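Dropping model_16.pdb in here (PDB, C-alpha atoms):
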ATOM      1  CA  MET A 231       9.849  19.013 -27.007
ATOM      2  CA  GLU A 232      11.183  17.435 -23.831
ATOM      3  CA  VAL A 233       9.496  14.456 -22.227
ATOM      4  CA  LEU A 234      10.298  13.187 -18.732
ATOM      5  CA  ILE A 235      11.132   9.485 -18.421
ATOM      6  CA  VAL A 236      10.645   7.923 -14.973
ATOM      7  CA  ASN A 237      12.072   4.428 -14.685
ATOM      8  CA  GLN A 238      11.052   1.467 -12.549
ATOM      9  CA  ALA A 239      13.612   2.122  -9.825
ATOM     10  CA  GLU A 240      12.474   5.732  -9.369
ATOM     11  CA  VAL A 241       8.726   5.094  -9.082
ATOM     12  CA  PRO A 242       8.562   3.739  -5.474
ATOM     13  CA  ARG A 243      10.384   6.777  -4.061
ATOM     14  CA  LEU A 244       8.073   9.150  -5.916
ATOM     15  CA  LEU A 245       4.909   7.164  -5.072
ATOM     16  CA  PRO A 246       5.167   5.984  -1.428
ATOM     17  CA  MET A 247       2.372   3.647  -0.383
ATOM     18  CA  LYS A 248       0.769   5.942   2.183
ATOM     19  CA  GLU A 249       0.736   8.843  -0.262
ATOM     20  CA  CYS A 250      -0.616   6.613  -3.007
ATOM     21  CA  ILE A 251      -3.544   5.504  -0.847
ATOM     22  CA  ASP A 252      -4.616   9.147  -0.512
ATOM     23  CA  VAL A 253      -4.067   9.764  -4.241
ATOM     24  CA  MET A 254      -6.309   6.768  -4.997
ATOM     25  CA  ALA A 255      -8.990   8.061  -2.612
ATOM     26  CA  ASP A 256      -9.088  11.379  -4.478
ATOM     27  CA  ALA A 257      -9.159   9.645  -7.878
ATOM     28  CA  LEU A 258     -11.975   7.254  -6.972
ATOM     29  CA  ALA A 259     -14.050  10.025  -5.397
ATOM     30  CA  THR A 260     -13.600  12.025  -8.608
ATOM     31  CA  LEU A 261     -14.707   8.966 -10.602
ATOM     32  CA  SER A 262     -17.850   8.502  -8.517
ATOM     33  CA  ARG A 263     -18.711  12.194  -8.932
ATOM     34  CA  GLY A 264     -18.708  11.641 -12.690
ATOM     35  CA  GLU A 265     -15.760  13.951 -13.290
ATOM     36  CA  THR A 266     -13.597  11.558 -15.302
ATOM     37  CA  VAL A 267     -13.588  10.151 -18.817
ATOM     38  CA  MET A 268     -12.723   6.458 -18.828
ATOM     39  CA  PRO A 269     -13.815   3.891 -21.422
ATOM     40  CA  LEU A 270     -13.414   0.218 -20.625
ATOM     41  CA  ARG A 271      -9.975  -1.193 -21.344
ATOM     42  CA  THR A 272      -9.245  -2.968 -24.616
ATOM     43  CA  ILE A 273      -7.447  -6.306 -24.573
ATOM     44  CA  ALA A 274      -5.845  -8.333 -27.334
ATOM     45  CA  SER A 275      -4.784 -11.861 -26.397
ATOM     46  CA  LEU A 276      -2.193 -14.018 -28.085
ATOM     47  CA  PRO A 277      -3.735 -17.036 -29.849
ATOM     48  CA  ASP A 278      -2.116 -19.504 -27.434
ATOM     49  CA  GLY A 279      -3.343 -17.595 -24.376
ATOM     50  CA  SER A 280       0.155 -17.057 -23.002
ATOM     51  CA  GLY A 281      -0.130 -13.285 -22.822
ATOM     52  CA  LEU A 282      -2.104 -10.196 -23.704
ATOM     53  CA  LEU A 283      -1.723  -6.554 -24.626
ATOM     54  CA  ALA A 284      -4.009  -4.092 -22.858
ATOM     55  CA  SER A 285      -4.605  -0.371 -23.299
ATOM     56  CA  MET A 286      -6.314   1.755 -20.639
ATOM     57  CA  PRO A 287      -7.086   5.411 -21.482
ATOM     58  CA  SER A 288      -8.563   8.000 -19.140
ATOM     59  CA  MET A 289      -8.911  11.725 -18.530
ATOM     60  CA  LEU A 290      -9.026  13.895 -15.412
ATOM     61  CA  PRO A 291     -10.266  17.232 -16.798
ATOM     62  CA  GLY A 292     -10.214  18.874 -13.381
ATOM     63  CA  ALA A 293      -6.513  18.113 -13.021
ATOM     64  CA  GLY A 294      -5.786  19.077 -16.619
ATOM     65  CA  VAL A 295      -4.305  15.702 -17.558
ATOM     66  CA  MET A 296      -5.104  12.682 -19.651
ATOM     67  CA  GLY A 297      -3.203   9.505 -20.334
ATOM     68  CA  ILE A 298      -3.048   5.887 -21.261
ATOM     69  CA  LYS A 299      -1.425   2.814 -19.801
ATOM     70  CA  VAL A 300      -0.254   0.215 -22.278
ATOM     71  CA  ILE A 301       0.885  -3.069 -20.763
ATOM     72  CA  THR A 302       1.543  -6.667 -21.548
ATOM     73  CA  VAL A 303       0.410  -9.316 -19.082
ATOM     74  CA  PHE A 304       2.292 -12.617 -19.148
ATOM     75  CA  PRO A 305       1.403 -14.722 -16.068
ATOM     76  CA  GLY A 306       4.105 -17.233 -16.998
ATOM     77  CA  ASN A 307       6.733 -14.653 -16.044
ATOM     78  CA  GLU A 308       6.034 -15.256 -12.358
ATOM     79  CA  GLY A 309       9.114 -16.734 -10.758
ATOM     80  CA  THR A 310      11.393 -15.422 -13.526
ATOM     81  CA  GLU A 311      13.500 -12.273 -13.829
ATOM     82  CA  LEU A 312      10.585 -10.460 -15.533
ATOM     83  CA  GLU A 313       7.406  -8.979 -14.064
ATOM     84  CA  SER A 314       4.085 -10.383 -15.272
ATOM     85  CA  HIS A 315       2.917  -6.809 -16.021
ATOM     86  CA  GLN A 316       5.195  -4.656 -18.177
ATOM     87  CA  GLY A 317       4.679  -1.424 -20.067
ATOM     88  CA  ALA A 318       4.361   2.321 -19.660
ATOM     89  CA  VAL A 319       1.958   5.045 -18.605
ATOM     90  CA  LEU A 320       1.897   8.034 -20.974
ATOM     91  CA  LEU A 321       0.903  11.297 -19.296
ATOM     92  CA  PHE A 322      -0.404  14.191 -21.428
ATOM     93  CA  GLU A 323      -1.555  17.668 -20.499
ATOM     94  CA  ALA A 324      -5.136  18.377 -21.536
ATOM     95  CA  GLU A 325      -4.801  21.943 -22.823
ATOM     96  CA  ARG A 326      -2.826  21.339 -26.017
ATOM     97  CA  GLY A 327      -2.181  17.599 -25.820
ATOM     98  CA  ARG A 328       1.548  17.695 -25.044
ATOM     99  CA  LEU A 329       3.156  14.477 -23.870
ATOM    100  CA  LEU A 330       4.624  15.248 -20.444
ATOM    101  CA  ALA A 331       6.003  11.961 -19.161
ATOM    102  CA  ILE A 332       6.508   8.275 -19.781
ATOM    103  CA  VAL A 333       6.414   6.317 -16.540
ATOM    104  CA  ASP A 334       7.253   2.659 -15.950
ATOM    105  CA  ALA A 335       3.977   0.769 -15.590
ATOM    106  CA  SER A 336       5.175  -2.327 -13.725
ATOM    107  CA  GLU A 337       5.824  -0.468 -10.489
ATOM    108  CA  VAL A 338       2.888   1.916 -10.923
ATOM    109  CA  THR A 339       0.567  -1.073 -11.297
ATOM    110  CA  ALA A 340       2.089  -2.853  -8.307
ATOM    111  CA  ILE A 341       1.810   0.152  -6.006
ATOM    112  CA  ARG A 342      -1.528   1.655  -7.058
ATOM    113  CA  THR A 343      -3.309  -1.725  -7.058
ATOM    114  CA  ALA A 344      -2.194  -2.407  -3.509
ATOM    115  CA  ALA A 345      -2.960   1.170  -2.492
ATOM    116  CA  VAL A 346      -6.586   0.704  -3.586
ATOM    117  CA  SER A 347      -6.694  -2.482  -1.478
ATOM    118  CA  GLY A 348      -5.376  -0.385   1.386
ATOM    119  CA  LEU A 349      -8.079   2.200   0.778
ATOM    120  CA  ALA A 350     -10.773  -0.499   0.689
ATOM    121  CA  THR A 351      -9.446  -1.953   3.933
ATOM    122  CA  ARG A 352      -9.371   1.473   5.550
ATOM    123  CA  LEU A 353     -13.008   2.036   4.525
ATOM    124  CA  LEU A 354     -14.491  -1.456   5.029
ATOM    125  CA  ALA A 355     -12.491  -3.571   7.478
ATOM    126  CA  ARG A 356     -13.231  -3.478  11.184
ATOM    127  CA  GLU A 357     -11.220  -0.851  13.016
ATOM    128  CA  ASN A 358      -9.548  -3.498  15.179
ATOM    129  CA  ALA A 359      -8.858  -5.892  12.287
ATOM    130  CA  GLY A 360      -5.292  -7.169  12.408
ATOM    131  CA  ASP A 361      -5.209 -10.884  11.570
ATOM    132  CA  LEU A 362      -4.040 -10.879   7.950
ATOM    133  CA  ALA A 363      -3.950 -13.673   5.376
ATOM    134  CA  ILE A 364      -2.140 -13.245   2.069
ATOM    135  CA  LEU A 365      -2.915 -15.767  -0.672
ATOM    136  CA  GLY A 366      -0.115 -15.504  -3.203
ATOM    137  CA  SER A 367       3.595 -14.788  -3.045
ATOM    138  CA  GLY A 368       4.355 -12.522  -6.003
ATOM    139  CA  THR A 369       4.502  -8.791  -6.570
ATOM    140  CA  GLN A 370       0.917  -8.076  -5.501
ATOM    141  CA  ALA A 371       1.339 -10.164  -2.359
ATOM    142  CA  ARG A 372       4.367  -8.008  -1.500
ATOM    143  CA  THR A 373       2.707  -4.655  -2.133
ATOM    144  CA  ASN A 374      -0.645  -5.632  -0.596
ATOM    145  CA  LEU A 375       1.176  -6.603   2.585
ATOM    146  CA  GLU A 376       2.747  -3.142   2.621
ATOM    147  CA  ALA A 377      -0.650  -1.524   2.085
ATOM    148  CA  MET A 378      -2.301  -3.507   4.890
ATOM    149  CA  LEU A 379       0.461  -2.502   7.281
ATOM    150  CA  ALA A 380      -0.159   1.132   6.307
ATOM    151  CA  VAL A 381      -3.862   1.145   7.266
ATOM    152  CA  ARG A 382      -4.249  -1.323  10.134
ATOM    153  CA  ASP A 383      -2.293  -2.426  13.207
ATOM    154  CA  VAL A 384      -1.534  -5.932  11.945
ATOM    155  CA  ARG A 385      -0.897  -8.433  14.715
ATOM    156  CA  ARG A 386      -0.512 -11.639  12.733
ATOM    157  CA  VAL A 387       0.299 -12.506   9.110
ATOM    158  CA  ARG A 388      -0.103 -15.849   7.369
ATOM    159  CA  ALA A 389       0.931 -16.435   3.763
ATOM    160  CA  TRP A 390       0.040 -19.232   1.367
ATOM    161  CA  SER A 391       1.134 -20.027  -2.155
ATOM    162  CA  ARG A 392       0.434 -23.006  -4.391
ATOM    163  CA  ALA A 393       4.175 -23.723  -4.189
ATOM    164  CA  ARG A 394       5.053 -24.115  -0.504
ATOM    165  CA  GLU A 395       8.646 -23.006  -1.107
ATOM    166  CA  HIS A 396       7.386 -19.719  -2.569
ATOM    167  CA  ALA A 397       5.299 -19.039   0.544
ATOM    168  CA  GLU A 398       8.282 -19.807   2.756
ATOM    169  CA  ALA A 399      10.576 -17.537   0.749
ATOM    170  CA  PHE A 400       7.968 -14.761   0.858
ATOM    171  CA  ALA A 401       7.535 -15.149   4.611
ATOM    172  CA  GLU A 402      11.277 -15.021   5.268
ATOM    173  CA  ARG A 403      11.937 -12.058   2.971
ATOM    174  CA  GLU A 404       8.993  -9.913   4.052
ATOM    175  CA  SER A 405       9.420 -10.717   7.742
ATOM    176  CA  GLY A 406      12.904  -9.256   7.599
ATOM    177  CA  LYS A 407      11.813  -6.264   5.552
ATOM    178  CA  HIS A 408       8.936  -5.224   7.821
ATOM    179  CA  GLY A 409      10.176  -6.496  11.170
ATOM    180  CA  ILE A 410       7.154  -8.752  11.687
ATOM    181  CA  ARG A 411       6.715 -12.513  11.874
ATOM    182  CA  ILE A 412       5.015 -14.017   8.840
ATOM    183  CA  GLU A 413       3.902 -17.641   8.954
ATOM    184  CA  ALA A 414       3.926 -19.817   5.828
ATOM    185  CA  SER A 415       0.734 -21.904   5.788
ATOM    186  CA  GLY A 416       0.461 -25.298   4.179
ATOM    187  CA  THR A 417      -3.033 -24.703   2.784
ATOM    188  CA  ALA A 418      -5.148 -21.704   1.872
ATOM    189  CA  ARG A 419      -7.734 -22.821   4.408
ATOM    190  CA  GLU A 420      -5.156 -22.783   7.193
ATOM    191  CA  ALA A 421      -4.005 -19.313   6.141
ATOM    192  CA  VAL A 422      -7.474 -17.732   6.278
ATOM    193  CA  ALA A 423      -8.811 -19.516   9.378
ATOM    194  CA  GLY A 424      -9.963 -16.734  11.700
ATOM    195  CA  ALA A 425      -8.414 -13.982   9.577
ATOM    196  CA  ASP A 426     -10.256 -10.661   9.529
ATOM    197  CA  ILE A 427      -8.341  -9.266   6.537
ATOM    198  CA  ILE A 428      -7.682 -11.456   3.480
ATOM    199  CA  CYS A 429      -5.895 -10.471   0.274
ATOM    200  CA  THR A 430      -6.122 -12.859  -2.663
ATOM    201  CA  ALA A 431      -3.242 -12.037  -5.001
ATOM    202  CA  THR A 432      -2.866 -15.050  -7.253
ATOM    203  CA  SER A 433      -3.155 -15.763 -10.967
ATOM    204  CA  ALA A 434      -5.543 -18.644 -10.260
ATOM    205  CA  ARG A 435      -8.508 -19.135 -12.598
ATOM    206  CA  GLU A 436     -10.233 -21.536 -10.176
ATOM    207  CA  PRO A 437     -11.242 -20.535  -6.634
ATOM    208  CA  VAL A 438      -8.544 -20.465  -3.965
ATOM    209  CA  LEU A 439     -10.815 -18.863  -1.332
ATOM    210  CA  MET A 440     -14.018 -20.595  -0.287
ATOM    211  CA  GLY A 441     -16.916 -18.810   1.347
ATOM    212  CA  GLU A 442     -17.307 -21.464   4.016
ATOM    213  CA  TRP A 443     -13.835 -20.561   5.331
ATOM    214  CA  LEU A 444     -14.647 -16.897   5.965
ATOM    215  CA  ALA A 445     -14.952 -15.824   9.582
ATOM    216  CA  PRO A 446     -17.724 -13.392  10.571
ATOM    217  CA  GLY A 447     -16.508  -9.826  10.134
ATOM    218  CA  ALA A 448     -13.810 -10.653   7.590
ATOM    219  CA  HIS A 449     -12.851  -8.222   4.861
ATOM    220  CA  VAL A 450     -11.519  -9.592   1.546
ATOM    221  CA  ASN A 451      -9.538  -7.763  -1.113
ATOM    222  CA  ALA A 452      -9.905  -9.818  -4.303
ATOM    223  CA  VAL A 453      -6.886  -8.604  -6.222
ATOM    224  CA  GLY A 454      -5.528 -11.368  -8.445
ATOM    225  CA  PHE A 455      -7.077 -12.674 -11.633
ATOM    226  CA  SER A 456      -9.123  -9.985 -13.411
ATOM    227  CA  GLY A 457     -11.245 -11.189 -16.273
ATOM    228  CA  PRO A 458     -14.673 -12.690 -16.852
ATOM    229  CA  SER A 459     -13.496 -16.283 -17.381
ATOM    230  CA  GLY A 460     -11.747 -17.047 -14.090
ATOM    231  CA  ARG A 461     -12.029 -16.360 -10.397
ATOM    232  CA  GLU A 462     -10.237 -16.564  -7.046
ATOM    233  CA  LEU A 463     -13.391 -16.567  -4.877
ATOM    234  CA  ASP A 464     -16.074 -19.213  -5.049
ATOM    235  CA  THR A 465     -19.797 -18.544  -5.352
ATOM    236  CA  GLU A 466     -20.454 -18.872  -1.626
ATOM    237  CA  ALA A 467     -17.859 -16.192  -0.860
ATOM    238  CA  MET A 468     -19.660 -13.842  -3.232
ATOM    239  CA  ALA A 469     -23.102 -14.694  -1.903
ATOM    240  CA  ARG A 470     -22.114 -14.259   1.769
ATOM    241  CA  SER A 471     -20.536 -10.850   1.288
ATOM    242  CA  ARG A 472     -21.477  -7.226   0.828
ATOM    243  CA  LEU A 473     -19.684  -6.537  -2.431
ATOM    244  CA  PHE A 474     -17.906  -3.305  -3.335
ATOM    245  CA  ALA A 475     -16.266  -2.263  -6.599
ATOM    246  CA  ASP A 476     -13.750   0.229  -7.838
ATOM    247  CA  ARG A 477     -16.246   0.886 -10.639
ATOM    248  CA  ARG A 478     -19.699  -0.625 -11.197
ATOM    249  CA  GLU A 479     -19.364  -0.809 -14.978
ATOM    250  CA  SER A 480     -16.102  -2.715 -14.674
ATOM    251  CA  ILE A 481     -17.298  -5.305 -12.171
ATOM    252  CA  LEU A 482     -20.475  -5.962 -14.194
ATOM    253  CA  HIS A 483     -18.456  -6.674 -17.343
ATOM    254  CA  GLU A 484     -15.023  -7.902 -16.276
ATOM    255  CA  ALA A 485     -15.034  -9.599 -12.854
ATOM    256  CA  GLY A 486     -15.156 -13.383 -13.044
ATOM    257  CA  ASP A 487     -15.551 -13.613  -9.262
ATOM    258  CA  PHE A 488     -18.890 -11.853  -9.635
ATOM    259  CA  LEU A 489     -19.947 -12.922 -13.136
ATOM    260  CA  ILE A 490     -19.550 -16.658 -12.563
ATOM    261  CA  ALA A 491     -21.530 -16.465  -9.318
ATOM    262  CA  LYS A 492     -24.164 -14.478 -11.208
ATOM    263  CA  SER A 493     -24.311 -17.070 -13.994
ATOM    264  CA  GLU A 494     -25.009 -19.696 -11.327
ATOM    265  CA  GLY A 495     -27.969 -17.669 -10.085
ATOM    266  CA  ALA A 496     -26.452 -16.907  -6.676
ATOM    267  CA  VAL A 497     -26.290 -13.110  -7.061
ATOM    268  CA  GLY A 498     -27.633 -10.380  -9.287
ATOM    269  CA  ASP A 499     -26.371  -6.977 -10.354
ATOM    270  CA  ASP A 500     -27.908  -5.447  -7.241
ATOM    271  CA  HIS A 501     -25.455  -7.479  -5.148
ATOM    272  CA  VAL A 502     -22.871  -4.781  -5.913
ATOM    273  CA  VAL A 503     -23.430  -2.411  -2.994
ATOM    274  CA  GLY A 504     -21.425   0.439  -4.432
ATOM    275  CA  GLU A 505     -18.096   1.912  -5.422
ATOM    276  CA  LEU A 506     -15.315   2.868  -3.039
ATOM    277  CA  GLY A 507     -15.670   6.446  -4.251
ATOM    278  CA  GLU A 508     -19.316   6.424  -3.192
ATOM    279  CA  VAL A 509     -18.308   5.246   0.268
ATOM    280  CA  ILE A 510     -15.804   8.115   0.454
ATOM    281  CA  LEU A 511     -18.466  10.609  -0.643
ATOM    282  CA  GLY A 512     -20.982   9.212   1.866
ATOM    283  CA  SER A 513     -23.605   8.244  -0.706
ATOM    284  CA  VAL A 514     -23.121   4.514   0.044
ATOM    285  CA  GLN A 515     -22.644   3.017   3.489
ATOM    286  CA  GLY A 516     -19.578   0.870   4.063
ATOM    287  CA  ARG A 517     -19.528  -1.738   6.831
ATOM    288  CA  THR A 518     -22.840  -1.882   8.672
ATOM    289  CA  SER A 519     -21.995  -4.355  11.441
ATOM    290  CA  PRO A 520     -18.979  -6.044  13.047
ATOM    291  CA  GLU A 521     -20.159  -9.470  11.839
ATOM    292  CA  GLU A 522     -20.793  -8.853   8.154
ATOM    293  CA  ILE A 523     -18.349 -10.010   5.506
ATOM    294  CA  THR A 524     -17.185  -7.416   2.993
ATOM    295  CA  VAL A 525     -15.450  -8.045  -0.334
ATOM    296  CA  PHE A 526     -13.701  -5.474  -2.480
ATOM    297  CA  GLU A 527     -13.354  -6.613  -6.095
ATOM    298  CA  SER A 528     -10.214  -4.966  -7.467
ATOM    299  CA  LEU A 529     -10.062  -4.757 -11.248
ATOM    300  CA  GLY A 530      -7.693  -1.852 -11.667
ATOM    301  CA  LEU A 531      -8.758   1.330 -13.418
ATOM    302  CA  ALA A 532      -7.064   3.596 -15.914
ATOM    303  CA  VAL A 533      -7.870   6.643 -13.789
ATOM    304  CA  GLU A 534      -5.820   5.109 -10.975
ATOM    305  CA  ASP A 535      -2.811   4.854 -13.284
ATOM    306  CA  LEU A 536      -3.377   8.401 -14.523
ATOM    307  CA  ALA A 537      -3.617   9.855 -11.015
ATOM    308  CA  ALA A 538      -0.514   7.918  -9.946
ATOM    309  CA  ALA A 539       1.470   9.043 -13.004
ATOM    310  CA  ASN A 540       0.430  12.668 -12.468
ATOM    311  CA  HIS A 541       1.562  12.483  -8.831
ATOM    312  CA  ILE A 542       4.861  10.916  -9.877
ATOM    313  CA  TYR A 543       5.398  13.598 -12.518
ATOM    314  CA  ARG A 544       4.802  16.454 -10.079
ATOM    315  CA  ARG A 545       7.097  14.881  -7.490
ATOM    316  CA  ALA A 546       9.779  14.227 -10.114
ATOM    317  CA  LEU A 547       9.738  17.884 -11.148
ATOM    318  CA  GLU A 548      10.067  18.971  -7.519
ATOM    319  CA  GLU A 549      12.922  16.585  -6.819
ATOM    320  CA  ARG A 550      14.562  16.966 -10.230
ATOM    321  CA  VAL A 551      14.716  13.264 -10.953
ATOM    322  CA  GLY A 552      14.035  11.299 -14.101
ATOM    323  CA  ALA A 553      15.603  11.606 -17.527
ATOM    324  CA  ARG A 554      14.582  14.217 -20.108
ATOM    325  CA  VAL A 555      14.562  13.312 -23.763
ATOM    326  CA  GLU A 556      13.646  15.163 -26.922
ATOM    327  CA  LEU A 557      10.768  13.253 -28.492
ATOM    328  CA  GLY A 558       8.955  15.648 -30.783
ATOM    329  CA  GLY A 559       5.460  17.060 -31.041
ATOM    330  CA  GLU A 560       6.517  20.501 -32.294
ATOM    331  CA  ARG A 561       5.527  21.670 -35.758
ATOM    332  CA  ARG A 562       8.490  21.392 -38.068
ATOM    333  CA  ALA A 563       9.364  24.094 -40.612
ATOM    334  CA  GLY A 564       7.885  23.457 -44.028
ATOM    335  CA  ARG A 565       5.047  21.265 -42.769
TER     336      ARG A 565
END

Would you give me this structure, written as structure tokens?
Amino acid sequence: MEVLIVNQAEVPRLLPMKECIDVMADALATLSRGETVMPLRTIASLPDGSGLLASMPSMLPGAGVMGIKVITVFPGNEGTELESHQGAVLLFEAERGRLLAIVDASEVTAIRTAAVSGLATRLLARENAGDLAILGSGTQARTNLEAMLAVRDVRRVRAWSRAREHAEAFAERESGKHGIRIEASGTAREAVAGADIICTATSAREPVLMGEWLAPGAHVNAVGFSGPSGRELDTEAMARSRLFADRRESILHEAGDFLIAKSEGAVGDDHVVGELGEVILGSVQGRTSPEEITVFESLGLAVEDLAAANHIYRRALEERVGARVELGGERRAGR
């Protein structure tokens, strides 16, 4: 039985950012309608804490597919020749369980995570928002910048990283790529001063964004560290905001930004206004005033990977790209 292999270099062409934003909108609306199967991810960490192995299964019965993403996460890879997130998405058809495709997970994760930030910004940021701050300088900083440019007319971009030289390199590289001027800020506070769109895309376990810095009307995409034991946003940032999730169950169990603020008594479970899918469906209101602060807590969902891999697979068949290999799955004679 043939299986299609789609490598890292092929994924961006088959999953352009603007298309991916729409794919994510459909997937999250399907999730909020209750038409998916998606248990919480399982994670096994190395004893020294240097890395982890995660598995994320999901099903989209309406689309006739199911799948699983299996990745390793090694934050120490940042700044090296290797991505921090590595692995594969396995796409199966849901009629007889055939494996259809194996898709590189590094690029899928990079693109679909940023695309969901783009969707959140499209739904929650002010229409005229265009002063952007990026905290971080790695892969998610790069793809979140692309996503913000896809959904808003960005007038100004400031970037900050804990290593000033990384922020400067990011600013120079991405300025040339997108034809815009990106400023490298010396501090996170300088980067976010007056910004109306902020993307936090770091591996920090202690807050890099303080609530007191947030301007009225700002929208924040909290993208970086995902886990209950660390956070990028402080308690005041949580308390000041209307908080939105990709999935309620995930934010209530996995989001340190929210859980630490909750443990300090600043917020409760009812502080989560709703899911992005509910905003799309109209059952939850998004932004209610120009002055309110909105935060989207991005944890990354298996159904996002599944929808992205399915889109990639269909596009790959149309464009006849990818490598086909014989892997098995057929009943052998005598068995």

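Nearest residue to Leu330 of chain A, choosing from A:His408, A:Arg544, A:Arg394, A:Arg271 and counting all atoms listed in the file: A:Arg544.
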
Coordinates-based distance that separates atom CA of Phe488 of chain A from atom CA of Phe474 of chain A (Å, one decimal):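 Separation of atom CA of Phe474 of chain A and atom CA of Phe488 of chain A: 10.7 Å.
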
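Shortest atom-to-atom contact with Glu556 of chain A among A:Asp278, A:Glu232, A:Asp500, A:Asp476: A:Glu232, counting all atoms listed in the file.
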
Polymer residues at most 10 Å from Ala537 of chain A, all atoms listed in the file, same-chain spacing of 3 or more positions, as number ranges by chain: A: 250, 253-254, 256-258, 288-290, 293, 295-297, 321, 342, 532-534, 540-543

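Closest approach to Ser347 of chain A among A:Ala475, A:Ala448, A:Leu329, A:Met440: A:Ala475, based on all atoms listed in the file.
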
Nearest to Glu395 of chain A by atom-to-atom distance, counting only C-alpha atoms, from A:Gly558, A:Pro287, A:Gly424, A:Gly416: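 For Glu395 of chain A, the nearest of the given residues is A:Gly416.
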
Pick from A:Met247, A:Leu463, A:Leu276, A:Ile412, whichever lies nearest to Ala434 of chain A using only C-alpha atoms: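 Nearest to Ala434 of chain A: A:Leu463.
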
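Restricting the calculation to only C-alpha atoms, the smallest distance between Leu245 of chain A and any of A:Arg352, A:Arg545, A:Arg385, A:Arg470 is found for A:Arg545.
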
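Atom to atom, atom CA of Ala389 of chain A and atom CA of Val453 of chain A stand 14.9 Å apart.
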
Atom CA of Ile332 of chain A to atom CA of Arg478 of chain A, distance in Å rounded to a single decimal: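 Pair atom CA of Ile332 of chain A / atom CA of Arg478 of chain A returns 29.0 Å.
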
Surrounding residues of Ala239 of chain A excluding itself and chain neighbours under 3 positions, 12 Å, only C-alpha atoms, as a list in words: Ile235, Val236, Pro242, Arg243, Leu244, Leu245, Val333, Asp334, Ala335, Ser336, Glu337, Val338, Val551 and Gly552 of chain A

Assuming the chain letters and numbering stay as they are in my file, what does the PyMOL selection byres ((chain A and resi 353-357) around 9) actually select? List them as a PDB file with C-alpha atoms, in the frame of the given file.
ATOM      1  CA  GLY A 348      -5.376  -0.385   1.386  1.00  0.00           C
ATOM      2  CA  LEU A 349      -8.079   2.200   0.778  1.00  0.00           C
ATOM      3  CA  ALA A 350     -10.773  -0.499   0.689  1.00  0.00           C
ATOM      4  CA  THR A 351      -9.446  -1.953   3.933  1.00  0.00           C
ATOM      5  CA  ARG A 352      -9.371   1.473   5.550  1.00  0.00           C
ATOM      6  CA  ASN A 358      -9.548  -3.498  15.179  1.00  0.00           C
ATOM      7  CA  ALA A 359      -8.858  -5.892  12.287  1.00  0.00           C
ATOM      8  CA  GLY A 360      -5.292  -7.169  12.408  1.00  0.00           C
ATOM      9  CA  ARG A 382      -4.249  -1.323  10.134  1.00  0.00           C
ATOM     10  CA  ASP A 426     -10.256 -10.661   9.529  1.00  0.00           C
ATOM     11  CA  ILE A 427      -8.341  -9.266   6.537  1.00  0.00           C
ATOM     12  CA  GLY A 447     -16.508  -9.826  10.134  1.00  0.00           C
ATOM     13  CA  ALA A 448     -13.810 -10.653   7.590  1.00  0.00           C
ATOM     14  CA  HIS A 449     -12.851  -8.222   4.861  1.00  0.00           C
ATOM     15  CA  VAL A 450     -11.519  -9.592   1.546  1.00  0.00           C
ATOM     16  CA  LEU A 506     -15.315   2.868  -3.039  1.00  0.00           C
ATOM     17  CA  VAL A 509     -18.308   5.246   0.268  1.00  0.00           C
ATOM     18  CA  ILE A 510     -15.804   8.115   0.454  1.00  0.00           C
ATOM     19  CA  GLY A 516     -19.578   0.870   4.063  1.00  0.00           C
ATOM     20  CA  ARG A 517     -19.528  -1.738   6.831  1.00  0.00           C
ATOM     21  CA  SER A 519     -21.995  -4.355  11.441  1.00  0.00           C
ATOM     22  CA  PRO A 520     -18.979  -6.044  13.047  1.00  0.00           C
ATOM     23  CA  ILE A 523     -18.349 -10.010   5.506  1.00  0.00           C
ATOM     24  CA  THR A 524     -17.185  -7.416   2.993  1.00  0.00           C
ATOM     25  CA  VAL A 525     -15.450  -8.045  -0.334  1.00  0.00           C
ATOM     26  CA  PHE A 526     -13.701  -5.474  -2.480  1.00  0.00           C
TER      27      PHE A 526
END

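Taken over the whole file, the PyMOL selection byres ((chain A and resi 344) around 9) covers exactly Met247, Ile251, Thr339, Ala340, Ile341, Arg342, Thr343, Ala345, Val346, Ser347, Gly348, Leu349, Gln370, Ala371, Arg372, Thr373, Asn374, Leu375, Glu376, Ala377, Met378 and Val453 of chain A.
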